[in-house]
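Chemist: Sharing start.cif here; it has mmCIF, C-alpha atoms.
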data_target
#
loop_
_atom_site.label_atom_id
_atom_site.label_comp_id
_atom_site.auth_asym_id
_atom_site.auth_seq_id
_atom_site.Cartn_x
_atom_site.Cartn_y
_atom_site.Cartn_z
CA MET A 87 39.05 54.41 -97.29
CA LEU A 88 38.43 52.64 -94.02
CA ASN A 89 35.94 53.98 -91.52
CA HIS A 90 38.08 55.97 -89.05
CA LYS A 91 35.22 57.04 -86.80
CA SER A 92 35.51 56.54 -83.06
CA LEU A 93 34.46 53.14 -81.84
CA ASN A 94 30.95 52.22 -80.74
CA ILE A 95 31.85 50.44 -77.51
CA ASP A 96 28.29 49.39 -76.66
CA GLN A 97 27.97 47.70 -80.03
CA ILE A 98 31.29 45.89 -79.58
CA LYS A 99 30.28 44.62 -76.12
CA GLU A 100 26.94 43.40 -77.44
CA SER A 101 28.64 41.53 -80.31
CA THR A 102 31.38 39.91 -78.20
CA ALA A 103 29.96 39.43 -74.67
CA CYS A 104 33.37 40.56 -73.44
CA GLY A 105 34.29 42.05 -70.07
CA THR A 106 34.66 45.70 -69.19
CA ILE A 107 36.01 47.92 -71.99
CA HIS A 108 37.86 51.05 -70.84
CA TYR A 109 37.85 53.49 -73.75
CA PHE A 110 39.92 56.68 -73.96
CA GLU A 111 40.59 59.44 -76.45
CA SER A 112 44.26 59.44 -75.43
CA LEU A 113 46.52 57.49 -73.05
CA ASN A 114 50.22 57.12 -72.54
CA SER A 115 49.87 53.38 -73.22
CA THR A 116 46.97 50.92 -73.09
CA ASN A 117 49.32 48.24 -71.72
CA SER A 118 50.55 50.56 -68.99
CA TRP A 119 46.99 51.47 -68.01
CA LEU A 120 46.00 47.82 -67.61
CA LEU A 121 49.20 46.99 -65.75
CA GLU A 122 48.16 49.54 -63.15
CA HIS A 123 44.35 49.33 -63.19
CA GLY A 124 43.29 46.20 -65.06
CA HIS A 125 41.32 43.24 -63.78
CA CYS A 126 40.93 39.84 -65.41
CA GLY A 127 39.03 40.18 -68.68
CA ASP A 128 39.35 43.97 -68.90
CA ILE A 129 40.05 45.57 -72.27
CA CYS A 130 41.65 48.98 -72.75
CA ILE A 131 41.35 50.85 -76.04
CA SER A 132 42.62 54.33 -76.84
CA GLU A 133 42.25 56.41 -79.97
CA SER A 134 45.87 57.55 -79.56
CA GLN A 135 48.89 56.84 -77.37
CA THR A 136 51.56 59.28 -76.26
CA LYS A 137 54.04 56.63 -75.09
CA GLY A 138 53.19 53.53 -77.07
CA ARG A 139 55.91 50.91 -76.97
CA GLY A 140 56.94 47.67 -78.60
CA ARG A 141 59.38 44.92 -77.70
CA ARG A 142 62.74 45.82 -76.15
CA GLY A 143 61.31 49.21 -75.12
CA ASN A 144 61.08 50.44 -78.71
CA ASN A 145 58.72 53.34 -79.40
CA TRP A 146 55.46 52.48 -81.17
CA VAL A 147 54.15 55.29 -83.36
CA SER A 148 50.52 55.71 -82.23
CA PRO A 149 48.66 58.43 -84.15
CA ARG A 150 44.95 59.00 -83.62
CA GLY A 151 42.66 56.63 -85.45
CA ASN A 152 44.82 53.50 -85.40
CA ILE A 153 43.98 50.53 -83.20
CA HIS A 154 45.66 50.64 -79.79
CA PHE A 155 44.22 47.71 -77.87
CA SER A 156 45.18 45.76 -74.74
CA LEU A 157 43.55 42.85 -72.95
CA CYS A 158 44.16 41.67 -69.38
CA TRP A 159 43.85 37.89 -69.24
CA CYS A 160 44.26 35.56 -66.28
CA PHE A 161 45.26 31.92 -66.54
CA ASP A 162 44.91 29.70 -63.48
CA GLU A 163 48.39 28.27 -64.06
CA ILE A 164 51.52 28.70 -66.16
CA VAL A 165 51.35 25.84 -68.65
CA LYS A 166 54.38 24.18 -70.24
CA HIS A 167 53.64 25.79 -73.63
CA TRP A 168 53.44 29.32 -72.15
CA SER A 169 56.17 30.50 -74.55
CA LEU A 170 53.77 29.93 -77.49
CA LEU A 171 51.26 32.53 -76.26
CA GLY A 172 52.65 35.36 -78.39
CA LEU A 173 52.54 33.21 -81.53
CA VAL A 174 48.97 32.10 -80.76
CA THR A 175 48.06 35.79 -80.37
CA GLY A 176 49.58 36.49 -83.78
CA ILE A 177 47.47 33.74 -85.33
CA ALA A 178 44.33 35.21 -83.72
CA ILE A 179 45.08 38.64 -85.20
CA ALA A 180 45.79 37.18 -88.64
CA GLU A 181 42.48 35.31 -88.55
CA ALA A 182 40.58 38.43 -87.43
CA LEU A 183 42.07 40.39 -90.33
CA GLN A 184 41.04 37.61 -92.69
CA ASP A 185 37.52 37.76 -91.21
CA VAL A 186 37.21 41.40 -92.33
CA GLY A 187 38.53 40.68 -95.82
CA LEU A 188 42.31 41.21 -95.72
CA THR A 189 44.48 38.89 -97.83
CA ASN A 190 48.21 38.46 -98.44
CA HIS A 191 49.10 39.03 -94.79
CA GLY A 192 50.81 36.91 -92.14
CA VAL A 193 52.82 36.78 -88.94
CA LYS A 194 56.53 37.55 -88.81
CA TRP A 195 58.09 35.69 -85.90
CA PRO A 196 57.92 36.50 -83.08
CA ASN A 197 55.43 39.36 -82.79
CA ASP A 198 54.72 41.34 -85.97
CA ILE A 199 51.85 41.38 -88.43
CA PHE A 200 52.93 41.96 -92.04
CA TRP A 201 51.22 42.65 -95.34
CA GLN A 202 53.26 42.28 -98.54
CA GLN A 203 56.62 42.55 -96.76
CA LYS A 204 55.63 45.64 -94.79
CA LYS A 205 54.77 45.91 -91.10
CA LEU A 206 51.06 46.36 -90.41
CA GLY A 207 51.02 45.83 -86.66
CA GLY A 208 52.68 44.38 -83.62
CA ILE A 209 52.13 42.53 -80.35
CA LEU A 210 53.51 43.22 -76.88
CA LEU A 211 52.94 40.69 -74.07
CA GLU A 212 53.70 41.74 -70.50
CA THR A 213 53.33 39.49 -67.51
CA ILE A 214 52.50 41.03 -64.14
CA ASP A 215 53.74 38.25 -61.85
CA GLN A 216 53.94 34.45 -61.80
CA SER A 217 50.20 34.06 -61.24
CA GLY A 218 49.32 33.66 -64.91
CA ARG A 219 48.08 37.24 -65.38
CA VAL A 220 49.21 38.73 -68.68
CA ILE A 221 48.60 41.93 -70.64
CA ILE A 222 48.26 41.38 -74.39
CA GLY A 223 48.88 44.58 -76.32
CA ILE A 224 48.04 44.94 -80.01
CA GLY A 225 48.74 47.83 -82.34
CA LEU A 226 47.37 47.90 -85.90
CA ASN A 227 47.85 50.68 -88.42
CA ILE A 228 44.64 51.98 -89.93
CA ALA A 229 46.34 54.97 -91.57
CA LEU A 230 49.83 56.43 -91.30
CA PRO A 231 51.26 59.90 -91.90
CA LEU A 232 53.39 60.40 -95.00
CA GLY A 233 57.02 59.51 -94.43
CA SER A 234 56.29 57.04 -91.62
CA SER A 235 58.76 54.46 -92.96
CA LYS A 236 61.62 56.94 -92.53
CA THR A 237 60.47 57.82 -89.01
CA ILE A 238 59.98 54.20 -87.97
CA GLY A 239 63.08 52.88 -89.70
CA GLN A 240 61.49 50.01 -91.64
CA PRO A 241 58.86 49.49 -94.37
CA VAL A 242 55.39 49.94 -92.86
CA THR A 243 51.86 49.83 -94.17
CA SER A 244 48.28 50.43 -93.08
CA LEU A 245 44.87 48.95 -93.73
CA ASP A 246 44.09 52.02 -95.83
CA GLU A 247 46.80 50.88 -98.21
CA ALA A 248 46.09 47.16 -97.94
CA MET A 249 42.31 47.15 -98.41
CA ASN A 250 40.04 48.61 -101.04
CA ASP A 251 36.75 47.68 -99.41
CA ASN A 252 35.17 49.75 -96.65
CA VAL A 253 35.77 47.95 -93.33
CA SER A 254 34.90 49.63 -90.05
CA LYS A 255 37.19 49.76 -87.04
CA ASN A 256 34.23 48.49 -85.04
CA GLU A 257 34.04 45.33 -87.10
CA LEU A 258 37.80 44.75 -86.86
CA VAL A 259 37.95 45.26 -83.08
CA THR A 260 34.94 42.97 -82.68
CA GLN A 261 36.65 40.20 -84.65
CA LEU A 262 39.89 40.72 -82.73
CA ILE A 263 38.10 40.17 -79.42
CA ILE A 264 36.22 37.12 -80.71
CA ARG A 265 39.34 35.46 -82.11
CA LEU A 266 41.46 36.29 -79.06
CA LYS A 267 38.87 34.93 -76.61
CA GLU A 268 38.57 31.77 -78.69
CA LYS A 269 42.33 31.17 -78.61
CA LEU A 270 42.82 32.14 -74.97
CA ASP A 271 39.92 30.03 -73.70
CA SER A 272 41.48 26.95 -75.30
CA PHE A 273 45.15 27.82 -74.70
CA LYS A 274 45.53 25.55 -71.66
CA GLN A 275 44.50 22.54 -73.78
CA LEU A 276 46.59 23.60 -76.79
CA ASN A 277 47.19 20.80 -79.28
CA PHE A 278 50.69 21.40 -80.62
CA ASP A 279 50.11 19.65 -83.96
CA GLN A 280 47.01 21.76 -84.63
CA PHE A 281 48.89 24.87 -83.53
CA MET A 282 51.69 24.06 -85.98
CA GLN A 283 49.22 23.69 -88.85
CA SER A 284 47.83 27.14 -88.08
CA TRP A 285 51.29 28.63 -87.62
CA GLN A 286 52.50 27.33 -90.97
CA THR A 287 49.45 28.93 -92.62
CA TRP A 288 50.44 32.40 -91.37
CA ASP A 289 54.24 32.16 -91.01
CA ILE A 290 55.88 34.54 -93.51
CA LEU A 291 59.49 33.64 -92.68
CA ARG A 292 59.59 29.92 -93.44
CA GLY A 293 62.02 29.28 -96.28
CA GLU A 294 63.41 32.83 -96.12
CA GLN A 295 67.08 33.69 -95.75
CA VAL A 296 67.76 35.80 -92.65
CA TYR A 297 70.79 37.13 -90.85
CA PHE A 298 71.39 38.41 -87.33
CA ASP A 299 73.92 38.95 -84.60
CA HIS A 300 74.02 36.34 -81.83
CA GLN A 301 76.31 37.01 -78.89
CA GLY A 302 78.51 39.19 -81.09
CA ILE A 303 78.72 36.68 -83.94
CA GLU A 304 77.02 37.27 -87.29
CA VAL A 305 74.81 34.32 -88.26
CA SER A 306 72.92 33.68 -91.48
CA GLY A 307 70.73 30.89 -92.73
CA GLU A 308 67.29 29.69 -93.79
CA VAL A 309 64.24 29.70 -91.53
CA VAL A 310 62.90 26.14 -91.44
CA GLU A 311 60.56 25.71 -88.46
CA ILE A 312 59.80 26.52 -84.85
CA ASP A 313 60.13 24.08 -81.96
CA LYS A 314 57.72 23.24 -79.13
CA HIS A 315 59.04 26.24 -77.16
CA GLY A 316 58.33 28.67 -79.99
CA ARG A 317 62.02 29.11 -80.77
CA LEU A 318 62.98 29.78 -84.39
CA GLY A 319 64.88 27.08 -86.23
CA ILE A 320 67.64 28.36 -88.52
CA LEU A 321 69.49 26.09 -90.93
CA LYS A 322 72.83 27.85 -90.96
CA ASN A 323 74.92 28.15 -94.06
CA THR A 324 77.31 25.75 -92.32
CA GLY A 325 74.59 23.05 -92.43
CA GLU A 326 73.90 23.19 -88.68
CA LEU A 327 70.28 23.52 -87.43
CA CYS A 328 70.03 25.80 -84.39
CA PHE A 329 67.08 27.21 -82.45
CA TYR A 330 66.88 30.75 -81.08
CA SER A 331 64.48 32.50 -78.74
CA SER A 332 63.13 35.98 -79.42
CA ALA A 333 65.38 37.29 -76.65
CA ASP A 334 68.46 36.01 -78.49
CA ILE A 335 68.27 37.70 -81.86
CA ARG A 336 66.99 40.56 -83.99
CA LEU A 337 66.10 39.20 -87.40
CA LYS A 338 66.78 40.90 -90.69
CA LYS A 339 65.93 39.62 -94.13
CA GLY A 340 68.88 38.26 -96.03
#
Will you turn the file into structure tokens for me?
Modeler:
Amino acid sequence: MLNHKSLNIDQIKESTACGTIHYFESLNSTNSWLLEHGHCGDICISESQTKGRGRRGNNWVSPRGNIHFSLCWCFDEIVKHWSLLGLVTGIAIAEALQDVGLTNHGVKWPNDIFWQQKKLGGILLETIDQSGRVIIGIGLNIALPLGSSKTIGQPVTSLDEAMNDNVSKNELVTQLIIRLKEKLDSFKQLNFDQFMQSWQTWDILRGEQVYFDHQGIEVSGEVVEIDKHGRLGILKNTGELCFYSSADIRLKKG
């Protein structure tokens, strides 16, 4: 079993040299708190959330003990590869999980962390204005109540299920901050070829058959790549290669 104890914030700050950490027993949403109160470099962590949310306004189940984490980050400009930020965040999380010993996990485009075909966590990016200030929200399941898959509507998992070794939440949050800071500090100078090498390491959809509705039309095909804008390339069953943004489609496995 993983160590579910409350976090030692002083220890995390000492290990990461990060900015201010705002730590709560319960919040409506760590992203919402930073949107209202956060300054550049601030981190918000809560043991539970009452109104956690994912993309498209979906509810994020947020029981006590899981990781509910948000970071306020400020870029001095909106760079041309801004649309890759969510994927870079996914890579950072995958690497942090590897740092604490997890294997057989990856990133499901555009914003989910998976382990053995089941959802382990998710990412929610929210921009405040056009100034380059962004809130990066991360949810990771440490443990889940029985029957969560039925409640959530898709196969889900937790680190309790995925790992046999004893890994503390403190260690995982520390590695998350280290990996995120590393990626965000270098994001402005992102080398696309190096990014693609990392993405292909963690991408769990490449080569998979998927289907989805696009503007009322059912589309199916094989995932082959992403482009420089982070759009997903689908080789349709008609032989046509098309690229789609995360706003265009909701993917399902074929």
Chemist: When distances are computed from only C-alpha atoms, which of A:Arg292, A:His300, A:Ile164, A:Thr213 shows the smallest separation from A:Gly319?
Modeler: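 Closest to A:Gly319, using only C-alpha atoms: A:Arg292.
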Chemist: One decimal, Å: what's the distance from atom CA of A:Leu173 over to atom CA of A:Ile153, could you say?
Modeler: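 The value is 19.4 Å.
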Chemist: For A:Ala103, which of A:Lys267, A:Asp185, A:Pro196, A:Leu120 is the closest residue, counting all atoms listed in the file?
Modeler: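 For A:Ala103, the nearest of the candidates is A:Lys267.
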Chemist: Nearest residue to A:Leu183 out of A:Ile264, A:Ile303, A:Ile98, A:Leu337, using only C-alpha atoms?
Modeler: A:Ile264
Chemist: What's the 8 Å shell around stretch 167-171 of chain A, counting only C-alpha atoms, without same-chain residues fewer than 3 positions away, as a PyMOL selection string?
Modeler: chain A and resi 164+174-175+273+314-316
Chemist: Can you pull out the residues contacting A:Leu258? Cut-off 7 Å, using all atoms listed in the file, and skip same-chain residues under 3 positions away; I want them as a VMD selection string.
Modeler: chain A and resid 182 186 254 to 255 261 to 262
Chemist: Could you check the closest approach to A:Gln216 for each of A:Asp246, A:Glu257, A:Asp162, A:Glu181 and tell me which residue wins, using all atoms listed in the file?
Modeler: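 That would be A:Asp162, the residue with the smallest distance to A:Gln216.
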Chemist: What is the distance between atom CA of A:Ile320 and atom CA of A:Tyr297, in Å to one decimal?
Modeler: 9.6 Å
Chemist: Can you turn the PyMOL selection byres ((chain A and resi 124) around 12) into a concrete residue list for this file, as an MDAnalysis selection string?
Modeler: chainID A and resid 105:108 116:123 125:130 156:160 214 219:222
Chemist: Measure the distance from atom CA of A:Ser92 to atom CA of A:Leu210 in Å and round it to one decimal.
Modeler: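 For atom CA of A:Ser92 relative to atom CA of A:Leu210, the distance reads 23.2 Å.
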Chemist: For the file shown, report as JSON, numbers by chain the outcome of the PyMOL selection byres ((chain A and resi 197-200) around 12) at residue level.
Modeler: {"A": [140, 141, 142, 170, 171, 172, 173, 174, 175, 176, 177, 178, 179, 180, 181, 182, 183, 188, 189, 190, 191, 192, 193, 194, 195, 196, 201, 202, 203, 204, 205, 206, 207, 208, 209, 210, 211, 222, 223, 224, 225, 226, 227, 240, 241, 242, 243, 244, 245, 248, 288, 289, 290, 291, 316, 332, 333, 336, 337]}
Chemist: Select, from A:Asn114, A:Gln295, A:Ser306, A:Gln301, the residue with the minimum atom-to-atom distance to A:Thr324, counting only C-alpha atoms.
Modeler: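 Among A:Asn114, A:Gln295, A:Ser306, A:Gln301, it is A:Ser306 that comes nearest to A:Thr324.
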Chemist: Rank nothing, just name the residue among A:Arg317, A:Phe281, A:Ile312, A:Ser115 nearest to A:Lys137, using only C-alpha atoms.
Modeler: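 Answer, going by the shortest atom-to-atom distance: A:Ser115.
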Chemist: Starting from the incomplete input, reconstruct N, CA and C atoms of stretch 186-220 of chain A and write that as a PDB file, in the coordinates of the input.
Modeler:
ATOM      1  N   VAL A 186      37.724  40.131 -91.792  1.00  0.00           N
ATOM      2  CA  VAL A 186      37.210  41.400 -92.330  1.00  0.00           C
ATOM      3  C   VAL A 186      37.653  41.633 -93.779  1.00  0.00           C
ATOM      4  N   GLY A 187      38.271  40.605 -94.387  1.00  0.00           N
ATOM      5  CA  GLY A 187      38.530  40.680 -95.820  1.00  0.00           C
ATOM      6  C   GLY A 187      39.966  40.894 -96.259  1.00  0.00           C
ATOM      7  N   LEU A 188      40.917  40.998 -95.314  1.00  0.00           N
ATOM      8  CA  LEU A 188      42.310  41.210 -95.720  1.00  0.00           C
ATOM      9  C   LEU A 188      42.904  39.916 -96.262  1.00  0.00           C
ATOM     10  N   THR A 189      43.752  40.029 -97.272  1.00  0.00           N
ATOM     11  CA  THR A 189      44.480  38.890 -97.830  1.00  0.00           C
ATOM     12  C   THR A 189      45.955  39.265 -97.960  1.00  0.00           C
ATOM     13  N   ASN A 190      46.768  38.267 -98.229  1.00  0.00           N
ATOM     14  CA  ASN A 190      48.210  38.460 -98.440  1.00  0.00           C
ATOM     15  C   ASN A 190      48.923  38.994 -97.208  1.00  0.00           C
ATOM     16  N   HIS A 191      48.455  38.618 -96.030  1.00  0.00           N
ATOM     17  CA  HIS A 191      49.100  39.030 -94.790  1.00  0.00           C
ATOM     18  C   HIS A 191      49.560  37.795 -94.015  1.00  0.00           C
ATOM     19  N   GLY A 192      50.328  38.023 -92.958  1.00  0.00           N
ATOM     20  CA  GLY A 192      50.810  36.910 -92.140  1.00  0.00           C
ATOM     21  C   GLY A 192      51.519  37.420 -90.910  1.00  0.00           C
ATOM     22  N   VAL A 193      52.125  36.478 -90.181  1.00  0.00           N
ATOM     23  CA  VAL A 193      52.820  36.780 -88.940  1.00  0.00           C
ATOM     24  C   VAL A 193      54.316  36.611 -89.143  1.00  0.00           C
ATOM     25  N   LYS A 194      55.062  37.626 -88.780  1.00  0.00           N
ATOM     26  CA  LYS A 194      56.530  37.550 -88.810  1.00  0.00           C
ATOM     27  C   LYS A 194      57.007  37.269 -87.388  1.00  0.00           C
ATOM     28  N   TRP A 195      57.593  36.091 -87.212  1.00  0.00           N
ATOM     29  CA  TRP A 195      58.090  35.690 -85.900  1.00  0.00           C
ATOM     30  C   TRP A 195      58.979  36.778 -85.320  1.00  0.00           C
ATOM     31  N   PRO A 196      58.849  37.129 -84.030  1.00  0.00           N
ATOM     32  CA  PRO A 196      57.920  36.500 -83.080  1.00  0.00           C
ATOM     33  C   PRO A 196      56.633  37.292 -82.844  1.00  0.00           C
ATOM     34  N   ASN A 197      56.542  38.559 -83.301  1.00  0.00           N
ATOM     35  CA  ASN A 197      55.430  39.360 -82.790  1.00  0.00           C
ATOM     36  C   ASN A 197      54.932  40.456 -83.734  1.00  0.00           C
ATOM     37  N   ASP A 198      55.138  40.299 -85.026  1.00  0.00           N
ATOM     38  CA  ASP A 198      54.720  41.340 -85.970  1.00  0.00           C
ATOM     39  C   ASP A 198      53.703  40.806 -86.962  1.00  0.00           C
ATOM     40  N   ILE A 199      52.809  41.677 -87.375  1.00  0.00           N
ATOM     41  CA  ILE A 199      51.850  41.380 -88.430  1.00  0.00           C
ATOM     42  C   ILE A 199      52.301  42.113 -89.688  1.00  0.00           C
ATOM     43  N   PHE A 200      52.423  41.385 -90.796  1.00  0.00           N
ATOM     44  CA  PHE A 200      52.930  41.960 -92.040  1.00  0.00           C
ATOM     45  C   PHE A 200      51.913  41.785 -93.168  1.00  0.00           C
ATOM     46  N   TRP A 201      51.967  42.730 -94.092  1.00  0.00           N
ATOM     47  CA  TRP A 201      51.220  42.650 -95.340  1.00  0.00           C
ATOM     48  C   TRP A 201      52.178  43.012 -96.469  1.00  0.00           C
ATOM     49  N   GLN A 202      52.377  42.064 -97.392  1.00  0.00           N
ATOM     50  CA  GLN A 202      53.260  42.280 -98.540  1.00  0.00           C
ATOM     51  C   GLN A 202      54.606  42.877 -98.126  1.00  0.00           C
ATOM     52  N   GLN A 203      55.260  42.215 -97.197  1.00  0.00           N
ATOM     53  CA  GLN A 203      56.620  42.550 -96.760  1.00  0.00           C
ATOM     54  C   GLN A 203      56.732  43.873 -96.007  1.00  0.00           C
ATOM     55  N   LYS A 204      55.610  44.398 -95.562  1.00  0.00           N
ATOM     56  CA  LYS A 204      55.630  45.640 -94.790  1.00  0.00           C
ATOM     57  C   LYS A 204      54.864  45.447 -93.478  1.00  0.00           C
ATOM     58  N   LYS A 205      55.344  46.099 -92.431  1.00  0.00           N
ATOM     59  CA  LYS A 205      54.770  45.910 -91.100  1.00  0.00           C
ATOM     60  C   LYS A 205      53.423  46.616 -90.996  1.00  0.00           C
ATOM     61  N   LEU A 206      52.410  45.848 -90.590  1.00  0.00           N
ATOM     62  CA  LEU A 206      51.060  46.360 -90.410  1.00  0.00           C
ATOM     63  C   LEU A 206      50.714  46.543 -88.932  1.00  0.00           C
ATOM     64  N   GLY A 207      51.337  45.747 -88.087  1.00  0.00           N
ATOM     65  CA  GLY A 207      51.020  45.830 -86.660  1.00  0.00           C
ATOM     66  C   GLY A 207      51.994  45.031 -85.831  1.00  0.00           C
ATOM     67  N   GLY A 208      51.791  45.082 -84.524  1.00  0.00           N
ATOM     68  CA  GLY A 208      52.680  44.380 -83.620  1.00  0.00           C
ATOM     69  C   GLY A 208      51.979  43.967 -82.341  1.00  0.00           C
ATOM     70  N   ILE A 209      52.657  43.102 -81.582  1.00  0.00           N
ATOM     71  CA  ILE A 209      52.130  42.530 -80.350  1.00  0.00           C
ATOM     72  C   ILE A 209      53.145  42.758 -79.238  1.00  0.00           C
ATOM     73  N   LEU A 210      52.659  43.106 -78.057  1.00  0.00           N
ATOM     74  CA  LEU A 210      53.510  43.220 -76.880  1.00  0.00           C
ATOM     75  C   LEU A 210      52.835  42.514 -75.717  1.00  0.00           C
ATOM     76  N   LEU A 211      53.441  41.421 -75.235  1.00  0.00           N
ATOM     77  CA  LEU A 211      52.940  40.690 -74.070  1.00  0.00           C
ATOM     78  C   LEU A 211      53.745  41.112 -72.840  1.00  0.00           C
ATOM     79  N   GLU A 212      53.043  41.389 -71.756  1.00  0.00           N
ATOM     80  CA  GLU A 212      53.700  41.740 -70.500  1.00  0.00           C
ATOM     81  C   GLU A 212      53.045  40.983 -69.363  1.00  0.00           C
ATOM     82  N   THR A 213      53.835  40.221 -68.651  1.00  0.00           N
ATOM     83  CA  THR A 213      53.330  39.490 -67.510  1.00  0.00           C
ATOM     84  C   THR A 213      53.482  40.340 -66.255  1.00  0.00           C
ATOM     85  N   ILE A 214      52.505  40.218 -65.350  1.00  0.00           N
ATOM     86  CA  ILE A 214      52.500  41.030 -64.140  1.00  0.00           C
ATOM     87  C   ILE A 214      53.245  40.331 -63.015  1.00  0.00           C
ATOM     88  N   ASP A 215      53.068  39.031 -62.890  1.00  0.00           N
ATOM     89  CA  ASP A 215      53.740  38.250 -61.850  1.00  0.00           C
ATOM     90  C   ASP A 215      53.729  36.806 -62.324  1.00  0.00           C
ATOM     91  N   GLN A 216      53.930  35.867 -61.421  1.00  0.00           N
ATOM     92  CA  GLN A 216      53.940  34.450 -61.800  1.00  0.00           C
ATOM     93  C   GLN A 216      52.573  33.798 -61.621  1.00  0.00           C
ATOM     94  N   SER A 217      51.535  34.599 -61.498  1.00  0.00           N
ATOM     95  CA  SER A 217      50.200  34.060 -61.240  1.00  0.00           C
ATOM     96  C   SER A 217      49.454  33.670 -62.506  1.00  0.00           C
ATOM     97  N   GLY A 218      50.011  33.946 -63.663  1.00  0.00           N
ATOM     98  CA  GLY A 218      49.320  33.660 -64.910  1.00  0.00           C
ATOM     99  C   GLY A 218      48.551  34.837 -65.459  1.00  0.00           C
ATOM    100  N   ARG A 219      48.748  36.025 -64.893  1.00  0.00           N
ATOM    101  CA  ARG A 219      48.080  37.240 -65.380  1.00  0.00           C
ATOM    102  C   ARG A 219      48.975  37.907 -66.415  1.00  0.00           C
ATOM    103  N   VAL A 220      48.413  38.202 -67.582  1.00  0.00           N
ATOM    104  CA  VAL A 220      49.210  38.730 -68.680  1.00  0.00           C
ATOM    105  C   VAL A 220      48.434  39.847 -69.376  1.00  0.00           C
TER     106      VAL A 220
END
